[in-house]
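These notes concern the structure reproduced below.
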Amino acid sequence: MTLCISLSARPSNNGTRFHNHLYEQLGLNWIYKAFAPTDLAQAISGVRGLGIRGCAVSMPYKEDVIALVDEMDPSAQAIDSVNTIVNTDGHLKAYNTDYTAIEQLLQSNAVPTDYSVLVQGAGGMAKATVAALRDAGFTDVTVVARNENTGRALAEHYGFPWRAALDGGTADLIINVTPIGMEGGMEGGMEGGMEGGAGSDSLSFPQEAVNAAKVVFDVVALPAETPLIKAARAAGKPVITGAEVATIQALEQFVLYTGVRPTEEQVQAAEEFMRAQ
């Protein structure tokens, strides 16, 4: 049997249900377990020493694991953030499938690159989002973050401006990468870990910004219909949801671990099984 795991400060059952359901559908003798490590370095040594094939990494470990792996894929190297480790005969290679998910969704939704963009947030997922926007060819992007140190550093790293607050600002594409609207303080991906969760009933952007936007994107995955997504749908706006991000990033992890790409029907069944808990 082949083992894959996740490391998170506050693990959830989302990843375990998604991956294990796909293993069962595909007849793979694999199993996926979630852990909250007490010592990250020892946990990564365990991945290497025990021959654990794959390891998902959630906050607050996405940057700390960089020093513990052997190789960085461009998807992780570009943003100095890791959410996936693949172990091949003791060689640990790090990836970031959050970046891949954002990149795919911008493309599949045909969001024009000449749109103005407001990205609210400055954490690990915001890094993946801003990097994907830049690499897709977006040039009019503003990072909005209350913390000047992290917000300004993120924005300037990718050649964009920073501002501390929205202050009535609007854009064609608005993207929430903060915990506002999040259920239970869980991270936007399959596993837990983002600090926060307060304001789960609050709008991350004011209604005026929603009304002015052409596309609304909320990276928060739980609940699938966040207050921002509900407000955008009510205003007749096209939306991109965090649930879509979570599914794609977990699917790409699954492919990296197993070398098998499930069908759309199999992925949909796994997603439905995950959300039925």
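Letters for chains follow the order of the structure tokens (A, B, ...), residue numbers begin at 1 for each chain, and ligand numbers begin at 1 in the order shown.
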Subject >> Contacts of Lys237 (chain A) within 12 Å, only C-alpha atoms, excl. fewer than 4 positions in-chain, as a VMD selection string >> reply: chain A and resid 172 to 174 209 to 217 228 to 233
**OP:** Considering only C-alpha atoms, return as number ranges by chain whatever protein or nucleic-acid residues lie within 9 Å of Thr241 (chain A), sequence-local ones (same chain, fewer than 4 positions apart) excluded.
**Re:** A: 216-221, 224-226, 229, 245-246
**OP:** May I ask which of the residues A:Thr178, A:Thr258, A:Asn149, A:Gln249 is the closest one to Asn29 (chain A), counting only C-alpha atoms?
**Re:** A:Thr258
**OP:** From region 127-238 of chain A, collect each residue whose DSSP state is strand (DSSP E) and return the set as a VMD selection string.
**Re:** chain A and resid 141 to 144 162 to 163 173 to 176 215 to 218
Tell me, counting only C-alpha atoms, for each residue of region 5-80 of chain A within 12 Å of region 267-275 of chain A, which pair of atoms is nearest and how far apart they are in Å to one decimal, in rows ordered by chain and increasing number, as a tab-separated table.
```
residue	atom	partner	partner_atom	distance
A:Ser12	CA	A:Met274	CA	10.8
A:Asn13	CA	A:Met274	CA	8.0
A:Asn14	CA	A:Met274	CA	5.7
A:Gly15	CA	A:Met274	CA	7.8
A:Thr16	CA	A:Met274	CA	8.4
A:Arg17	CA	A:Met274	CA	5.2
A:Phe18	CA	A:Ala270	CA	5.2
A:His19	CA	A:Ala270	CA	7.6
A:Asn20	CA	A:Ala270	CA	8.5
A:His21	CA	A:Ala270	CA	5.6
A:Leu22	CA	A:Ala270	CA	6.1
A:Tyr23	CA	A:Ala270	CA	9.7
A:Glu24	CA	A:Ala270	CA	9.8
A:Gln25	CA	A:Ala270	CA	8.7
A:Leu26	CA	A:Val267	CA	10.9
```
Go ahead and write the residues just picked, N, CA and C atoms, as a PDB file, in the first residue's frame.
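part-v4.pdb, freshly written:
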```pdb
ATOM      1  N   SER A  12      -8.401  19.061   8.090  1.00  0.00           N
ATOM      2  CA  SER A  12      -9.810  18.765   7.841  1.00  0.00           C
ATOM      3  C   SER A  12      -9.890  17.413   7.145  1.00  0.00           C
ATOM      4  N   ASN A  13     -11.115  16.938   6.937  1.00  0.00           N
ATOM      5  CA  ASN A  13     -11.316  15.665   6.237  1.00  0.00           C
ATOM      6  C   ASN A  13     -11.468  15.839   4.734  1.00  0.00           C
ATOM      7  N   ASN A  14     -11.420  17.075   4.234  1.00  0.00           N
ATOM      8  CA  ASN A  14     -11.696  17.312   2.817  1.00  0.00           C
ATOM      9  C   ASN A  14     -10.731  16.556   1.906  1.00  0.00           C
ATOM     10  N   GLY A  15      -9.435  16.757   2.125  1.00  0.00           N
ATOM     11  CA  GLY A  15      -8.449  16.105   1.276  1.00  0.00           C
ATOM     12  C   GLY A  15      -8.493  14.602   1.388  1.00  0.00           C
ATOM     13  N   THR A  16      -8.650  14.088   2.610  1.00  0.00           N
ATOM     14  CA  THR A  16      -8.680  12.638   2.793  1.00  0.00           C
ATOM     15  C   THR A  16      -9.862  12.027   2.044  1.00  0.00           C
ATOM     16  N   ARG A  17     -11.015  12.642   2.124  1.00  0.00           N
ATOM     17  CA  ARG A  17     -12.200  12.104   1.443  1.00  0.00           C
ATOM     18  C   ARG A  17     -12.045  12.189  -0.075  1.00  0.00           C
ATOM     19  N   PHE A  18     -11.513  13.297  -0.569  1.00  0.00           N
ATOM     20  CA  PHE A  18     -11.345  13.484  -2.012  1.00  0.00           C
ATOM     21  C   PHE A  18     -10.365  12.456  -2.579  1.00  0.00           C
ATOM     22  N   HIS A  19      -9.174  12.388  -1.999  1.00  0.00           N
ATOM     23  CA  HIS A  19      -8.148  11.481  -2.523  1.00  0.00           C
ATOM     24  C   HIS A  19      -8.543  10.015  -2.341  1.00  0.00           C
ATOM     25  N   ASN A  20      -9.023   9.648  -1.161  1.00  0.00           N
ATOM     26  CA  ASN A  20      -9.359   8.246  -0.916  1.00  0.00           C
ATOM     27  C   ASN A  20     -10.506   7.766  -1.794  1.00  0.00           C
ATOM     28  N   HIS A  21     -11.439   8.669  -2.089  1.00  0.00           N
ATOM     29  CA  HIS A  21     -12.539   8.290  -2.982  1.00  0.00           C
ATOM     30  C   HIS A  21     -12.012   8.012  -4.385  1.00  0.00           C
ATOM     31  N   LEU A  22     -11.068   8.822  -4.855  1.00  0.00           N
ATOM     32  CA  LEU A  22     -10.472   8.573  -6.171  1.00  0.00           C
ATOM     33  C   LEU A  22      -9.654   7.289  -6.177  1.00  0.00           C
ATOM     34  N   TYR A  23      -8.915   7.007  -5.094  1.00  0.00           N
ATOM     35  CA  TYR A  23      -8.172   5.755  -5.026  1.00  0.00           C
ATOM     36  C   TYR A  23      -9.126   4.568  -5.189  1.00  0.00           C
ATOM     37  N   GLU A  24     -10.260   4.653  -4.486  1.00  0.00           N
ATOM     38  CA  GLU A  24     -11.234   3.552  -4.540  1.00  0.00           C
ATOM     39  C   GLU A  24     -11.832   3.420  -5.939  1.00  0.00           C
ATOM     40  N   GLN A  25     -12.216   4.561  -6.538  1.00  0.00           N
ATOM     41  CA  GLN A  25     -12.797   4.520  -7.888  1.00  0.00           C
ATOM     42  C   GLN A  25     -11.838   3.899  -8.901  1.00  0.00           C
ATOM     43  N   LEU A  26     -10.537   4.205  -8.753  1.00  0.00           N
ATOM     44  CA  LEU A  26      -9.538   3.777  -9.727  1.00  0.00           C
ATOM     45  C   LEU A  26      -8.870   2.458  -9.365  1.00  0.00           C
TER      46      LEU A  26
END
```
**OP:** Could you please write out, as a ChimeraX atom specification, every residue of region 21-174 of chain A that DSSP assigns to helix (DSSP H, G or I)?
**Re:** /A:21-26,40-49,64-68,74-77,97-108,124-136,148-157
Those residues with C-alpha atoms, as an mmCIF file, in the first residue's frame please?
```cif
data_model
loop_
_atom_site.group_PDB
_atom_site.id
_atom_site.type_symbol
_atom_site.label_atom_id
_atom_site.label_comp_id
_atom_site.auth_asym_id
_atom_site.auth_seq_id
_atom_site.Cartn_x
_atom_site.Cartn_y
_atom_site.Cartn_z
ATOM 1 C CA HIS A 21 -12.539 8.290 -2.982
ATOM 2 C CA LEU A 22 -10.472 8.573 -6.171
ATOM 3 C CA TYR A 23 -8.172 5.755 -5.026
ATOM 4 C CA GLU A 24 -11.234 3.552 -4.540
ATOM 5 C CA GLN A 25 -12.797 4.520 -7.888
ATOM 6 C CA LEU A 26 -9.538 3.777 -9.727
ATOM 7 C CA LEU A 40 7.806 20.067 10.820
ATOM 8 C CA ALA A 41 11.422 19.020 10.180
ATOM 9 C CA GLN A 42 10.819 15.632 11.771
ATOM 10 C CA ALA A 43 7.611 15.224 9.793
ATOM 11 C CA ILE A 44 9.390 15.868 6.485
ATOM 12 C CA SER A 45 12.177 13.492 7.536
ATOM 13 C CA GLY A 46 9.434 10.944 8.099
ATOM 14 C CA VAL A 47 8.113 11.509 4.587
ATOM 15 C CA ARG A 48 11.578 10.781 3.229
ATOM 16 C CA GLY A 49 12.495 7.943 5.583
ATOM 17 C CA ASP A 64 8.970 26.762 6.144
ATOM 18 C CA VAL A 65 9.183 23.493 4.170
ATOM 19 C CA ILE A 66 11.294 25.103 1.427
ATOM 20 C CA ALA A 67 14.499 24.521 3.393
ATOM 21 C CA LEU A 68 13.571 20.859 3.918
ATOM 22 C CA PRO A 74 8.976 26.397 -11.051
ATOM 23 C CA SER A 75 5.368 26.561 -9.770
ATOM 24 C CA ALA A 76 6.697 26.741 -6.192
ATOM 25 C CA GLN A 77 9.971 28.512 -6.881
ATOM 26 C CA THR A 97 -0.800 23.500 -7.316
ATOM 27 C CA ASP A 98 -2.615 26.557 -5.908
ATOM 28 C CA TYR A 99 -0.779 28.555 -8.587
ATOM 29 C CA THR A 100 -1.754 25.962 -11.203
ATOM 30 C CA ALA A 101 -5.415 26.125 -10.184
ATOM 31 C CA ILE A 102 -5.586 29.931 -10.378
ATOM 32 C CA GLU A 103 -3.807 29.874 -13.745
ATOM 33 C CA GLN A 104 -6.221 27.280 -15.165
ATOM 34 C CA LEU A 105 -9.333 29.081 -13.928
ATOM 35 C CA LEU A 106 -8.305 32.452 -15.375
ATOM 36 C CA GLN A 107 -7.762 30.723 -18.701
ATOM 37 C CA SER A 108 -10.856 28.485 -18.698
ATOM 38 C CA GLY A 124 0.466 32.392 0.717
ATOM 39 C CA MET A 125 -2.601 32.000 -1.489
ATOM 40 C CA ALA A 126 -2.401 35.685 -2.444
ATOM 41 C CA LYS A 127 1.159 35.042 -3.632
ATOM 42 C CA ALA A 128 -0.089 32.262 -5.899
ATOM 43 C CA THR A 129 -2.911 34.476 -7.175
ATOM 44 C CA VAL A 130 -0.791 37.555 -7.918
ATOM 45 C CA ALA A 131 1.924 35.451 -9.570
ATOM 46 C CA ALA A 132 -0.636 33.687 -11.764
ATOM 47 C CA LEU A 133 -2.144 37.036 -12.785
ATOM 48 C CA ARG A 134 1.240 38.457 -13.736
ATOM 49 C CA ASP A 135 2.269 35.335 -15.646
ATOM 50 C CA ALA A 136 -1.066 35.305 -17.499
ATOM 51 C CA GLU A 148 1.917 47.256 4.874
ATOM 52 C CA ASN A 149 5.002 45.071 5.233
ATOM 53 C CA THR A 150 3.524 41.953 3.646
ATOM 54 C CA GLY A 151 1.167 43.786 1.289
ATOM 55 C CA ARG A 152 3.743 46.165 -0.143
ATOM 56 C CA ALA A 153 6.375 43.410 -0.385
ATOM 57 C CA LEU A 154 4.001 41.144 -2.309
ATOM 58 C CA ALA A 155 2.858 43.885 -4.674
ATOM 59 C CA GLU A 156 6.328 45.251 -5.408
ATOM 60 C CA HIS A 157 7.787 41.763 -5.938
#
```
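Straight-line separation from CA of Tyr32 (chain A) to CA of Cys55 (chain A): 9.3 Å.
Reported to one decimal place, the separation of CA of Ile52 (chain A) from CA of Cys4 (chain A) is 5.8 Å.
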Subject >> Point-to-point distance from CA of Gly242 (chain A) to CA of Ala94 (chain A), Å rounded to tenths >> reply: 22.5 Å
Original post:
With only C-alpha atoms as the atoms that count, which of A:Gly54, A:Gly121, A:Pro11, A:Gly27 lies nearest to Tyr257 (chain A)?
Top reply: A:Gly54
**OP:** Considering only C-alpha atoms, return as JSON, numbers by chain whatever protein or nucleic-acid residues lie within 9 Å of Gln253 (chain A), sequence-local ones (same chain, fewer than 6 positions apart) excluded.
**Re:** {"A": [54, 55, 56, 83, 84, 85, 86, 95, 96, 97]}
